[in-house]
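Asker: Structure file run.pdb (PDB, C-alpha atoms and all ligand atoms) is given on the next line.
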```pdb
ATOM      1  CA  ALA A 684      32.335 -61.788 191.092
ATOM      2  CA  SER A 685      31.219 -64.686 193.279
ATOM      3  CA  LEU A 686      29.464 -64.179 196.569
ATOM      4  CA  ALA A 687      32.512 -65.514 198.408
ATOM      5  CA  SER A 688      34.978 -63.114 196.801
ATOM      6  CA  CYS A 689      32.691 -60.103 197.374
ATOM      7  CA  LEU A 690      32.246 -61.177 200.964
ATOM      8  CA  HIS A 691      36.029 -61.058 201.343
ATOM      9  CA  GLN A 692      35.903 -57.313 200.736
ATOM     10  CA  ALA A 693      32.848 -56.713 202.874
ATOM     11  CA  VAL A 694      34.753 -56.290 206.140
ATOM     12  CA  GLU A 695      37.450 -54.048 204.672
ATOM     13  CA  GLU A 696      35.021 -51.865 202.757
ATOM     14  CA  GLN A 697      32.681 -51.454 205.709
ATOM     15  CA  GLN A 698      29.707 -53.136 204.068
ATOM     16  CA  LEU A 699      28.780 -55.030 207.223
ATOM     17  CA  GLU A 700      26.469 -53.775 209.906
ATOM     18  CA  LEU A 701      24.993 -55.174 213.085
ATOM     19  CA  HIS A 702      21.303 -54.930 213.796
ATOM     20  CA  TYR A 703      19.906 -55.426 217.285
ATOM     21  CA  GLN A 704      16.760 -57.238 218.372
ATOM     22  CA  ILE A 705      15.368 -56.451 221.802
ATOM     23  CA  GLN A 706      14.844 -59.107 224.490
ATOM     24  CA  VAL A 707      12.400 -58.482 227.346
ATOM     25  CA  ASP A 708      11.659 -60.214 230.649
ATOM     26  CA  ALA A 709       8.303 -61.455 231.931
ATOM     27  CA  THR A 710       7.450 -57.972 233.251
ATOM     28  CA  GLY A 711       8.060 -56.470 229.801
ATOM     29  CA  ARG A 712      11.303 -54.674 230.598
ATOM     30  CA  ALA A 713      14.224 -54.698 228.191
ATOM     31  CA  VAL A 714      16.957 -57.035 229.461
ATOM     32  CA  GLY A 715      19.126 -57.552 226.427
ATOM     33  CA  ALA A 716      19.525 -57.793 222.684
ATOM     34  CA  GLU A 717      20.728 -60.197 220.011
ATOM     35  CA  ALA A 718      23.204 -58.802 217.483
ATOM     36  CA  LEU A 719      22.471 -59.921 213.920
ATOM     37  CA  LEU A 720      24.774 -59.346 210.952
ATOM     38  CA  ARG A 721      23.648 -57.507 207.844
ATOM     39  CA  TRP A 722      25.580 -57.167 204.583
ATOM     40  CA  HIS A 723      24.988 -54.223 202.275
ATOM     41  CA  ARG A 724      26.275 -55.711 199.037
ATOM     42  CA  PRO A 725      27.099 -52.931 196.525
ATOM     43  CA  ASN A 726      24.444 -52.694 193.808
ATOM     44  CA  LYS A 727      22.678 -55.764 195.194
ATOM     45  CA  GLY A 728      21.066 -54.419 198.339
ATOM     46  CA  LEU A 729      20.829 -56.157 201.677
ATOM     47  CA  VAL A 730      21.953 -59.807 201.738
ATOM     48  CA  SER A 731      20.561 -61.989 204.518
ATOM     49  CA  PRO A 732      22.979 -63.756 206.871
ATOM     50  CA  ALA A 733      20.950 -66.911 206.173
ATOM     51  CA  ILE A 734      22.608 -66.723 202.718
ATOM     52  CA  PHE A 735      26.089 -65.366 203.399
ATOM     53  CA  ILE A 736      26.921 -67.052 206.729
ATOM     54  CA  PRO A 737      26.842 -70.550 205.164
ATOM     55  CA  VAL A 738      29.144 -69.250 202.385
ATOM     56  CA  ALA A 739      31.508 -67.726 204.935
ATOM     57  CA  GLU A 740      31.493 -70.995 206.882
ATOM     58  CA  GLN A 741      33.017 -72.805 203.912
ATOM     59  CA  SER A 742      36.262 -70.959 204.526
ATOM     60  CA  ASN A 743      38.085 -69.077 207.245
ATOM     61  CA  LEU A 744      36.087 -66.033 206.235
ATOM     62  CA  ILE A 745      33.694 -66.940 209.039
ATOM     63  CA  VAL A 746      36.469 -66.198 211.522
ATOM     64  CA  GLU A 747      36.950 -62.739 210.091
ATOM     65  CA  LEU A 748      33.213 -61.990 210.014
ATOM     66  CA  GLY A 749      32.737 -63.470 213.455
ATOM     67  CA  ASN A 750      35.531 -61.403 214.954
ATOM     68  CA  TRP A 751      34.179 -58.287 213.291
ATOM     69  CA  ALA A 752      30.731 -58.952 214.812
ATOM     70  CA  LEU A 753      32.243 -59.620 218.247
ATOM     71  CA  GLU A 754      34.391 -56.515 218.186
ATOM     72  CA  THR A 755      31.535 -54.318 216.981
ATOM     73  CA  ALA A 756      29.209 -55.755 219.637
ATOM     74  CA  CYS A 757      31.812 -55.117 222.348
ATOM     75  CA  GLN A 758      32.267 -51.530 221.177
ATOM     76  CA  ARG A 759      28.504 -50.994 221.412
ATOM     77  CA  LEU A 760      28.442 -52.446 224.951
ATOM     78  CA  VAL A 761      31.042 -49.862 225.934
ATOM     79  CA  ALA A 762      29.059 -47.040 224.318
ATOM     80  CA  TRP A 763      25.816 -48.237 225.930
ATOM     81  CA  SER A 764      27.343 -48.226 229.398
ATOM     82  CA  GLU A 765      27.098 -44.400 229.260
ATOM     83  CA  ASP A 766      23.279 -44.510 229.058
ATOM     84  CA  PRO A 767      21.460 -45.680 232.220
ATOM     85  CA  VAL A 768      18.634 -47.134 230.116
ATOM     86  CA  LEU A 769      21.074 -49.274 228.105
ATOM     87  CA  SER A 770      23.798 -49.949 230.635
ATOM     88  CA  ASP A 771      22.285 -53.133 232.109
ATOM     89  CA  LEU A 772      21.509 -54.836 228.801
ATOM     90  CA  THR A 773      23.272 -58.019 227.796
ATOM     91  CA  LEU A 774      24.256 -58.412 224.163
ATOM     92  CA  ALA A 775      24.157 -61.861 222.540
ATOM     93  CA  VAL A 776      26.413 -62.631 219.578
ATOM     94  CA  ASN A 777      25.993 -65.703 217.348
ATOM     95  CA  ILE A 778      29.050 -67.929 217.096
ATOM     96  CA  SER A 779      29.347 -70.406 214.245
ATOM     97  CA  ALA A 780      30.690 -73.915 214.867
ATOM     98  CA  ARG A 781      33.703 -73.374 212.635
ATOM     99  CA  GLN A 782      34.589 -70.131 214.386
ATOM    100  CA  PHE A 783      34.329 -71.783 217.817
ATOM    101  CA  ARG A 784      36.504 -74.732 216.724
ATOM    102  CA  GLU A 785      39.444 -72.472 215.815
ATOM    103  CA  PRO A 786      42.334 -73.144 218.197
ATOM    104  CA  GLU A 787      42.617 -69.363 218.646
ATOM    105  CA  PHE A 788      38.931 -68.792 219.473
ATOM    106  CA  THR A 789      39.242 -68.055 223.190
ATOM    107  CA  THR A 790      42.371 -65.959 222.642
ATOM    108  CA  GLN A 791      40.542 -63.896 220.046
ATOM    109  CA  VAL A 792      37.487 -63.308 222.238
ATOM    110  CA  LEU A 793      39.620 -62.336 225.238
ATOM    111  CA  GLY A 794      41.745 -60.110 223.019
ATOM    112  CA  ILE A 795      38.656 -58.269 221.782
ATOM    113  CA  LEU A 796      37.406 -57.840 225.359
ATOM    114  CA  ALA A 797      40.780 -56.444 226.396
ATOM    115  CA  SER A 798      41.139 -54.049 223.469
ATOM    116  CA  THR A 799      37.562 -52.730 223.666
ATOM    117  CA  GLN A 800      37.369 -52.764 227.489
ATOM    118  CA  ALA A 801      33.847 -54.177 227.178
ATOM    119  CA  PRO A 802      32.239 -55.548 230.367
ATOM    120  CA  PRO A 803      32.489 -59.373 229.946
ATOM    121  CA  HIS A 804      29.439 -60.109 232.117
ATOM    122  CA  ARG A 805      27.236 -58.308 229.592
ATOM    123  CA  LEU A 806      28.461 -60.366 226.654
ATOM    124  CA  LYS A 807      26.593 -63.557 225.799
ATOM    125  CA  LEU A 808      27.675 -66.037 223.150
ATOM    126  CA  GLU A 809      25.003 -68.012 221.296
ATOM    127  CA  LEU A 810      26.097 -71.518 220.373
ATOM    128  CA  THR A 811      24.089 -74.035 218.370
ATOM    129  CA  GLU A 812      23.669 -77.724 219.040
ATOM    130  CA  SER A 813      25.565 -78.531 215.822
ATOM    131  CA  LEU A 814      28.663 -77.221 217.559
ATOM    132  CA  LEU A 815      28.312 -79.830 220.262
ATOM    133  CA  ILE A 816      28.756 -82.735 217.848
ATOM    134  CA  GLY A 817      32.458 -81.935 217.704
ATOM    135  CA  ASP A 818      35.161 -82.403 220.309
ATOM    136  CA  THR A 819      33.310 -82.245 223.636
ATOM    137  CA  GLN A 820      36.430 -81.804 225.767
ATOM    138  CA  ASP A 821      37.541 -78.883 223.597
ATOM    139  CA  THR A 822      34.061 -77.344 223.850
ATOM    140  CA  ILE A 823      33.940 -77.673 227.630
ATOM    141  CA  HIS A 824      37.453 -76.289 228.014
ATOM    142  CA  LYS A 825      36.813 -73.226 225.830
ATOM    143  CA  MET A 826      33.516 -72.475 227.529
ATOM    144  CA  HIS A 827      35.105 -72.656 230.968
ATOM    145  CA  VAL A 828      37.948 -70.342 229.976
ATOM    146  CA  LEU A 829      35.465 -67.727 228.760
ATOM    147  CA  LYS A 830      32.972 -68.282 231.574
ATOM    148  CA  ASP A 831      35.775 -67.688 234.084
ATOM    149  CA  HIS A 832      36.051 -64.209 232.548
ATOM    150  CA  GLY A 833      32.333 -63.587 233.075
ATOM    151  CA  ILE A 834      31.020 -64.359 229.593
ATOM    152  CA  ALA A 835      27.632 -66.122 229.420
ATOM    153  CA  PHE A 836      26.473 -68.815 226.995
ATOM    154  CA  SER A 837      23.084 -69.416 225.423
ATOM    155  CA  LEU A 838      22.187 -72.534 223.446
ATOM    156  CA  ASP A 839      20.432 -71.267 220.304
ATOM    157  CA  ASP A 840      17.646 -73.026 218.361
ATOM    158  CA  PHE A 841      17.278 -75.435 221.257
ATOM    159  CA  GLY A 842      15.409 -78.620 220.441
ATOM    160  CA  THR A 843      16.062 -78.625 216.689
ATOM    161  CA  GLY A 844      19.527 -80.199 216.607
ATOM    162  CA  TYR A 845      20.812 -83.693 217.178
ATOM    163  CA  SER A 846      20.800 -83.323 220.884
ATOM    164  CA  SER A 847      22.182 -85.762 223.314
ATOM    165  CA  LEU A 848      20.807 -84.221 226.455
ATOM    166  CA  SER A 849      23.885 -85.372 228.365
ATOM    167  CA  TYR A 850      25.659 -82.177 227.309
ATOM    168  CA  LEU A 851      23.281 -80.170 229.478
ATOM    169  CA  ARG A 852      25.051 -81.449 232.563
ATOM    170  CA  GLN A 853      28.536 -81.179 231.082
ATOM    171  CA  LEU A 854      28.552 -77.704 229.567
ATOM    172  CA  PRO A 855      28.664 -74.464 231.570
ATOM    173  CA  LEU A 856      25.600 -72.969 229.871
ATOM    174  CA  ASN A 857      23.557 -70.075 231.252
ATOM    175  CA  GLN A 858      20.517 -70.082 228.998
ATOM    176  CA  LEU A 859      18.434 -72.228 226.657
ATOM    177  CA  LYS A 860      16.875 -70.450 223.704
ATOM    178  CA  ILE A 861      13.627 -72.123 222.642
ATOM    179  CA  ASP A 862      13.494 -72.355 218.869
ATOM    180  CA  ARG A 863      10.824 -70.306 217.134
ATOM    181  CA  SER A 864       9.431 -73.374 215.370
ATOM    182  CA  PHE A 865       8.004 -74.506 218.738
ATOM    183  CA  VAL A 866       6.868 -71.025 219.757
ATOM    184  CA  ASN A 867       4.937 -70.500 216.536
ATOM    185  CA  GLN A 868       2.074 -72.936 217.296
ATOM    186  CA  ALA A 869       2.558 -73.070 221.055
ATOM    187  CA  GLY A 870      -0.962 -71.941 221.972
ATOM    188  CA  GLN A 871      -2.723 -74.235 219.471
ATOM    189  CA  ASN A 872      -0.607 -77.310 218.929
ATOM    190  CA  SER A 873      -0.415 -79.629 221.924
ATOM    191  CA  ALA A 874       2.781 -81.321 220.692
ATOM    192  CA  ASP A 875       4.637 -78.008 220.496
ATOM    193  CA  ALA A 876       3.220 -77.007 223.869
ATOM    194  CA  ALA A 877       4.536 -80.261 225.339
ATOM    195  CA  ILE A 878       7.984 -79.645 223.857
ATOM    196  CA  ILE A 879       8.074 -76.166 225.366
ATOM    197  CA  GLU A 880       6.999 -77.469 228.762
ATOM    198  CA  THR A 881       9.721 -80.113 228.556
ATOM    199  CA  ILE A 882      12.404 -77.561 227.643
ATOM    200  CA  LEU A 883      11.344 -75.301 230.511
ATOM    201  CA  ALA A 884      11.413 -78.252 232.939
ATOM    202  CA  LEU A 885      14.869 -79.274 231.708
ATOM    203  CA  ALA A 886      16.115 -75.728 232.143
ATOM    204  CA  ARG A 887      14.795 -75.646 235.693
ATOM    205  CA  THR A 888      16.502 -78.958 236.473
ATOM    206  CA  PHE A 889      19.839 -77.685 235.214
ATOM    207  CA  GLY A 890      19.483 -74.194 236.670
ATOM    208  CA  LEU A 891      19.412 -72.499 233.280
ATOM    209  CA  GLU A 892      17.593 -69.361 232.212
ATOM    210  CA  THR A 893      15.147 -69.611 229.317
ATOM    211  CA  ILE A 894      14.360 -67.322 226.436
ATOM    212  CA  ALA A 895      11.799 -67.901 223.685
ATOM    213  CA  GLU A 896      12.509 -66.596 220.202
ATOM    214  CA  GLY A 897      10.039 -65.815 217.428
ATOM    215  CA  VAL A 898       7.370 -64.446 219.776
ATOM    216  CA  GLU A 899       5.034 -62.691 217.344
ATOM    217  CA  ASN A 900       1.787 -62.229 219.246
ATOM    218  CA  GLU A 901       0.388 -61.694 222.718
ATOM    219  CA  GLU A 902      -1.179 -65.172 222.778
ATOM    220  CA  GLN A 903       2.245 -66.785 222.386
ATOM    221  CA  ARG A 904       3.774 -64.490 225.004
ATOM    222  CA  ALA A 905       1.018 -65.185 227.526
ATOM    223  CA  PHE A 906       1.269 -68.937 226.938
ATOM    224  CA  LEU A 907       5.031 -68.898 227.567
ATOM    225  CA  ALA A 908       4.676 -66.607 230.582
ATOM    226  CA  GLU A 909       2.121 -68.972 232.100
ATOM    227  CA  LEU A 910       4.718 -71.767 231.876
ATOM    228  CA  GLY A 911       7.404 -69.607 233.511
ATOM    229  CA  CYS A 912       9.646 -68.694 230.583
ATOM    230  CA  ASP A 913      12.143 -66.020 231.706
ATOM    231  CA  ALA A 914      12.653 -63.884 228.595
ATOM    232  CA  TYR A 915      11.170 -63.183 225.170
ATOM    233  CA  GLN A 916      12.396 -62.102 221.755
ATOM    234  CA  GLY A 917      10.388 -61.601 218.581
ATOM    235  CA  TYR A 918       8.471 -59.268 216.320
ATOM    236  CA  LEU A 919       5.892 -58.636 219.099
ATOM    237  CA  PHE A 920       8.535 -56.490 220.812
ATOM    238  CA  GLY A 921      10.611 -55.424 217.828
ATOM    239  CA  ARG A 922      12.379 -56.547 214.677
ATOM    240  CA  PRO A 923      16.146 -56.535 214.419
ATOM    241  CA  LEU A 924      16.889 -52.798 214.049
ATOM    242  CA  PRO A 925      19.799 -50.502 213.207
ATOM    243  CA  GLU A 926      21.370 -49.172 216.364
ATOM    244  CA  ALA A 927      19.664 -45.760 216.518
ATOM    245  CA  ALA A 928      16.185 -47.254 216.114
ATOM    246  CA  PHE A 929      17.022 -50.007 218.597
ATOM    247  CA  VAL A 930      18.102 -47.450 221.202
ATOM    248  CA  GLN A 931      14.821 -45.568 220.751
ATOM    249  CA  LEU A 932      12.880 -48.800 221.182
ATOM    250  CA  VAL A 933      14.720 -49.712 224.381
ATOM    251  CA  HIS A 934      13.781 -46.353 225.866
ATOM    252  CA  GLN A 935      10.124 -47.303 225.304
ATOM    253  CA  TYR A 936      10.663 -50.571 227.184
ATOM    254  CA  ALA A 937      12.636 -49.072 230.057
TER
HETATM  255  O1  LIG B1001      18.501 -62.004 211.443
HETATM  256  P1  LIG B1001      18.327 -63.090 210.471
HETATM  257  O2  LIG B1001      17.045 -63.730 210.288
HETATM  258  O3  LIG B1001      18.579 -62.529 209.182
HETATM  259  O4  LIG B1001      19.468 -64.205 210.730
HETATM  260  C1  LIG B1001      19.539 -65.371 209.956
HETATM  261  C2  LIG B1001      20.539 -66.340 210.531
HETATM  262  O5  LIG B1001      21.857 -65.805 210.515
HETATM  263  C3  LIG B1001      20.248 -66.728 211.981
HETATM  264  O6  LIG B1001      20.332 -68.137 212.077
HETATM  265  C4  LIG B1001      21.357 -66.092 212.765
HETATM  266  O7  LIG B1001      21.727 -66.886 213.874
HETATM  267  C5  LIG B1001      22.494 -66.030 211.755
HETATM  268  N1  LIG B1001      23.405 -64.926 212.092
HETATM  269  C6  LIG B1001      23.109 -63.619 212.179
HETATM  270  N2  LIG B1001      24.189 -62.907 212.562
HETATM  271  C7  LIG B1001      25.189 -63.807 212.737
HETATM  272  C8  LIG B1001      26.572 -63.695 213.149
HETATM  273  O8  LIG B1001      27.093 -62.634 213.483
HETATM  274  N3  LIG B1001      27.298 -64.857 213.194
HETATM  275  C9  LIG B1001      26.760 -66.068 212.877
HETATM  276  N4  LIG B1001      27.534 -67.155 212.948
HETATM  277  N5  LIG B1001      25.463 -66.211 212.509
HETATM  278  C10 LIG B1001      24.692 -65.091 212.441
HETATM  279  O1  LIG B1002      18.981 -68.579 214.363
HETATM  280  P1  LIG B1002      18.856 -67.306 215.119
HETATM  281  O2  LIG B1002      17.943 -67.506 216.281
HETATM  282  O3  LIG B1002      20.124 -66.674 215.538
HETATM  283  O4  LIG B1002      18.112 -66.316 214.167
HETATM  284  C1  LIG B1002      17.484 -65.180 214.531
HETATM  285  C2  LIG B1002      16.573 -64.947 213.353
HETATM  286  O5  LIG B1002      15.215 -64.940 213.751
HETATM  287  C3  LIG B1002      16.850 -63.655 212.665
HETATM  288  O6  LIG B1002      16.886 -63.941 211.327
HETATM  289  C4  LIG B1002      15.615 -62.818 212.970
HETATM  290  O7  LIG B1002      15.346 -61.925 211.907
HETATM  291  C5  LIG B1002      14.539 -63.890 213.090
HETATM  292  N1  LIG B1002      13.417 -63.493 213.918
HETATM  293  C6  LIG B1002      13.470 -62.728 215.017
HETATM  294  N2  LIG B1002      12.237 -62.555 215.565
HETATM  295  C7  LIG B1002      11.376 -63.256 214.779
HETATM  296  C8  LIG B1002       9.958 -63.454 214.844
HETATM  297  O8  LIG B1002       9.236 -62.990 215.721
HETATM  298  N3  LIG B1002       9.443 -64.237 213.856
HETATM  299  C9  LIG B1002      10.201 -64.791 212.878
HETATM  300  N4  LIG B1002       9.576 -65.528 211.954
HETATM  301  N5  LIG B1002      11.531 -64.609 212.795
HETATM  302  C10 LIG B1002      12.131 -63.853 213.737
HETATM  303 MN    MN B1003      20.664 -66.583 217.515
HETATM  304 NA    NA B1004      17.674 -69.202 217.007
END
```
Written as structure tokens, how would this file's structure read?

Answerer:
Amino acid sequence: ASLASCLHQAVEEQQLELHYQIQVDATGRAVGAEALLRWHRPNKGLVSPAIFIPVAEQSNLIVELGNWALETACQRLVAWSEDPVLSDLTLAVNISARQFREPEFTTQVLGILASTQAPPHRLKLELTESLLIGDTQDTIHKMHVLKDHGIAFSLDDFGTGYSSLSYLRQLPLNQLKIDRSFVNQAGQNSADAAIIETILALARTFGLETIAEGVENEEQRAFLAELGCDAYQGYLFGRPLPEAAFVQLVHQYA
């Protein structure tokens, strides 16, 4: 069977799982996590979202997968609120452009919040710049509706898309996420260092928080910290992990 048709059954047959990657602040304390989808395809092993998300995006399947990820993330936020070490963490969920463009998107998110009773101010939605090419008024409207309920927004892979920087003053964003391609050579390559400095300056101008992704070594972390980056995510702190292992890791960073 094709990837697309197997993916159709993945939600129903409970083949999907969320993994969680820790995010820490400049003092090294855990402040949040990013939820990342994993698909256990029968007899084929683990399929990367880099492969199946683009397939899902070719149809409305992305809406189903996206809602599953949101609902699962919200359920975990509720469960985590019982543990003082986990109760202050924010949880970031990736939203695909097609999912966001659905007329029902805000209704679905608010419905999931209501049914799970998850705390909205601990939910963060990660949008990509590709999403901003579409209908700007629709984007601004949807973001405001959700922001009014306490949900935060992070702009993922920042600096890699076709950015017209004008959206930074139009959209109610909370955070810019510096793409790992810039973080990778930050300490050595002066062009990447300049890009990072520029992103951090932009964020300051617009009152946005910053997080760097793909932080793999202490040199990168120290470089970013020197420039005033707020938060960090990457293999230096932990890989995306199944929930039990993630919870253990957070206790080490408490
Ligand atoms: O964790 P990993 O390297 O496998 O993720 C690969 C890509 O898949 C990343 O770009 C990530 O943003 C995307 N991705 C992971 N989970 C989700 C999800 O729940 N929804 C969407 N739209 N993208 C996701
Ligand atoms: O596009 P998005 O930022 O949502 O994707 C997150 C992806 O980045 C996941 O696939 C995750 O596995 C990957 N990732 C997380 N930390 C690191 C890291 O330190 N180095 C590299 N190379 N990839 C990372
Ligand atoms: Mn992301
Ligand atoms: Na990213």

Asker: Quick one: distance from atom CA of Ser779 of chain A to atom O7 of ligand LIG 1001 (chain B) in Å, one decimal?

Answerer: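 Atom-to-atom, atom CA of Ser779 of chain A to atom O7 of ligand LIG 1001 (chain B), that is 8.4 Å.
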
Asker: Using all atoms listed in the file, find each protein or nucleic acid residue lying at most 7 Å from ligand LIG 1001 (chain B); present the set as number ranges by chain.

Answerer: A: 718-720, 731-733, 736, 749, 752, 776-779, 923

Asker: Counting all atoms listed in the file, which residues in chain A sit no more than 6 Å from ligand NA 1004 (chain B)? For each one, give the nearest pair of atoms and the distance in Å, sorted by chain then residue number, as JSON lines.

Answerer:
```
{"residue": "A:Asp839", "atom": "CA", "partner": "B:NA1004", "partner_atom": "NA", "distance": 4.8}
{"residue": "A:Asp840", "atom": "CA", "partner": "B:NA1004", "partner_atom": "NA", "distance": 4.1}
{"residue": "A:Asp862", "atom": "CA", "partner": "B:NA1004", "partner_atom": "NA", "distance": 5.6}
```

Asker: Could the residues in this selection be written to a file with C-alpha atoms, as a PDB file, in the coordinates of the input?

Answerer:
```
ATOM      1  CA  ASP A 839      20.432 -71.267 220.304  1.00  0.00           C
ATOM      2  CA  ASP A 840      17.646 -73.026 218.361  1.00  0.00           C
ATOM      3  CA  ASP A 862      13.494 -72.355 218.869  1.00  0.00           C
TER       4      ASP A 862
END
```

Asker: Would you tabulate, counting only C-alpha atoms and all ligand atoms, all residues of chain A that have an atom at most 10 Å from an atom of ligand LIG 1002 (chain B), showing the closest pair of atoms and their distance in Å to one decimal, sorted by chain then ascending number, as a tab-separated table?

Answerer:
```
residue	atom	partner	partner_atom	distance
A:His702	CA	B:LIG1002	O7	9.4
A:Tyr703	CA	B:LIG1002	C4	9.6
A:Gln704	CA	B:LIG1002	C6	7.2
A:Ile705	CA	B:LIG1002	N2	9.3
A:Gln706	CA	B:LIG1002	N2	9.9
A:Glu717	CA	B:LIG1002	O3	7.9
A:Ala718	CA	B:LIG1002	O3	8.7
A:Leu719	CA	B:LIG1002	C3	6.9
A:Leu720	CA	B:LIG1002	O6	9.1
A:Arg721	CA	B:LIG1002	O6	10.0
A:Ser731	CA	B:LIG1002	O6	8.0
A:Pro732	CA	B:LIG1002	O6	7.6
A:Ala733	CA	B:LIG1002	O6	7.2
A:Ala775	CA	B:LIG1002	O3	9.4
A:Val776	CA	B:LIG1002	O3	8.5
A:Asn777	CA	B:LIG1002	O3	6.2
A:Ile778	CA	B:LIG1002	O3	9.1
A:Glu809	CA	B:LIG1002	O3	7.7
A:Leu810	CA	B:LIG1002	O3	9.1
A:Thr811	CA	B:LIG1002	O1	8.5
A:Leu838	CA	B:LIG1002	O2	9.7
A:Asp839	CA	B:LIG1002	O2	6.0
A:Asp840	CA	B:LIG1002	O2	5.9
A:Phe841	CA	B:LIG1002	O2	9.4
A:Lys860	CA	B:LIG1002	O2	8.1
A:Ile861	CA	B:LIG1002	O2	9.0
A:Asp862	CA	B:LIG1002	O2	7.1
A:Arg863	CA	B:LIG1002	C9	7.0
A:Ser864	CA	B:LIG1002	N4	8.6
A:Val866	CA	B:LIG1002	O8	9.3
A:Asn867	CA	B:LIG1002	N3	8.2
A:Ala895	CA	B:LIG1002	O2	9.6
A:Glu896	CA	B:LIG1002	N2	6.2
A:Gly897	CA	B:LIG1002	O8	3.4
A:Val898	CA	B:LIG1002	O8	4.7
A:Glu899	CA	B:LIG1002	O8	4.5
A:Asn900	CA	B:LIG1002	O8	8.3
A:Tyr915	CA	B:LIG1002	O8	9.6
A:Gln916	CA	B:LIG1002	N2	6.2
A:Gly917	CA	B:LIG1002	O8	3.4
A:Tyr918	CA	B:LIG1002	O8	3.8
A:Leu919	CA	B:LIG1002	O8	6.4
A:Phe920	CA	B:LIG1002	O8	8.3
A:Gly921	CA	B:LIG1002	N2	7.7
A:Arg922	CA	B:LIG1002	N2	6.1
A:Pro923	CA	B:LIG1002	O7	6.0
A:Leu924	CA	B:LIG1002	O7	9.5
```

Asker: Report, in Å with one decimal, the straight-line distance from atom CA of Leu806 of chain A to atom CA of Gln741 of chain A.

Answerer: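 One can read the atom CA of Leu806 of chain A to atom CA of Gln741 of chain A distance as 26.3 Å.
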
Asker: How would you write, as an MDAnalysis selection string, the residues chosen by the PyMOL selection byres (((chain A and resi 740) around 12) and not hetatm) on this structure?

Answerer: chainID A and resid 687 690 732:739 741:749 778:784

Asker: My list of candidates is A:Ser873, A:Gln868, A:Ser847, A:Gln853. Which is closest to Arg904 of chain A when distances are computed with only C-alpha atoms?

Answerer: A:Gln868

Asker: One decimal, Å: what's the distance from atom CA of Ser798 of chain A over to atom CA of His832 of chain A, could you say?

Answerer: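 Atom CA of Ser798 of chain A sits 14.5 Å away from atom CA of His832 of chain A.
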
Asker: Mind telling me what the PyMOL selection byres (((chain A and resi 937) around 7) and not hetatm) catches here, as a PyMOL selection string?

Answerer: chain A and resi 712-713+768+933-936

Asker: Nearest to His804 of chain A among A:Cys757, A:Ile816, A:Ile834, A:Val828, with distances taken over only C-alpha atoms: which residue is it?

Answerer: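 That would be A:Ile834, the residue with the smallest distance to His804 of chain A.
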
Asker: Dig up all the protein and nucleic acid residues within 10 Å of (9.5, -71.0, 234.2) in the file frame, using only C-alpha atoms, and format them as a ChimeraX atom specification.

Answerer: /A:709,880,882-884,886-887,892-894,907-914

Asker: Write to file, as a PDB file, keeping the file's coordinate frame, the residues of the selection just made, with C-alpha atoms.

Answerer:
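New file part06.pdb:
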```pdb
ATOM      1  CA  ALA A 709       8.303 -61.455 231.931  1.00  0.00           C
ATOM      2  CA  GLU A 880       6.999 -77.469 228.762  1.00  0.00           C
ATOM      3  CA  ILE A 882      12.404 -77.561 227.643  1.00  0.00           C
ATOM      4  CA  LEU A 883      11.344 -75.301 230.511  1.00  0.00           C
ATOM      5  CA  ALA A 884      11.413 -78.252 232.939  1.00  0.00           C
ATOM      6  CA  ALA A 886      16.115 -75.728 232.143  1.00  0.00           C
ATOM      7  CA  ARG A 887      14.795 -75.646 235.693  1.00  0.00           C
ATOM      8  CA  GLU A 892      17.593 -69.361 232.212  1.00  0.00           C
ATOM      9  CA  THR A 893      15.147 -69.611 229.317  1.00  0.00           C
ATOM     10  CA  ILE A 894      14.360 -67.322 226.436  1.00  0.00           C
ATOM     11  CA  LEU A 907       5.031 -68.898 227.567  1.00  0.00           C
ATOM     12  CA  ALA A 908       4.676 -66.607 230.582  1.00  0.00           C
ATOM     13  CA  GLU A 909       2.121 -68.972 232.100  1.00  0.00           C
ATOM     14  CA  LEU A 910       4.718 -71.767 231.876  1.00  0.00           C
ATOM     15  CA  GLY A 911       7.404 -69.607 233.511  1.00  0.00           C
ATOM     16  CA  CYS A 912       9.646 -68.694 230.583  1.00  0.00           C
ATOM     17  CA  ASP A 913      12.143 -66.020 231.706  1.00  0.00           C
ATOM     18  CA  ALA A 914      12.653 -63.884 228.595  1.00  0.00           C
TER      19      ALA A 914
END
```

Asker: Of the candidates A:Lys825, A:Lys727, A:Lys807, A:Arg759, which one gets nearest to Glu785 of chain A if we count only C-alpha atoms?

Answerer: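 Smallest separation from Glu785 of chain A among the options: A:Lys825.
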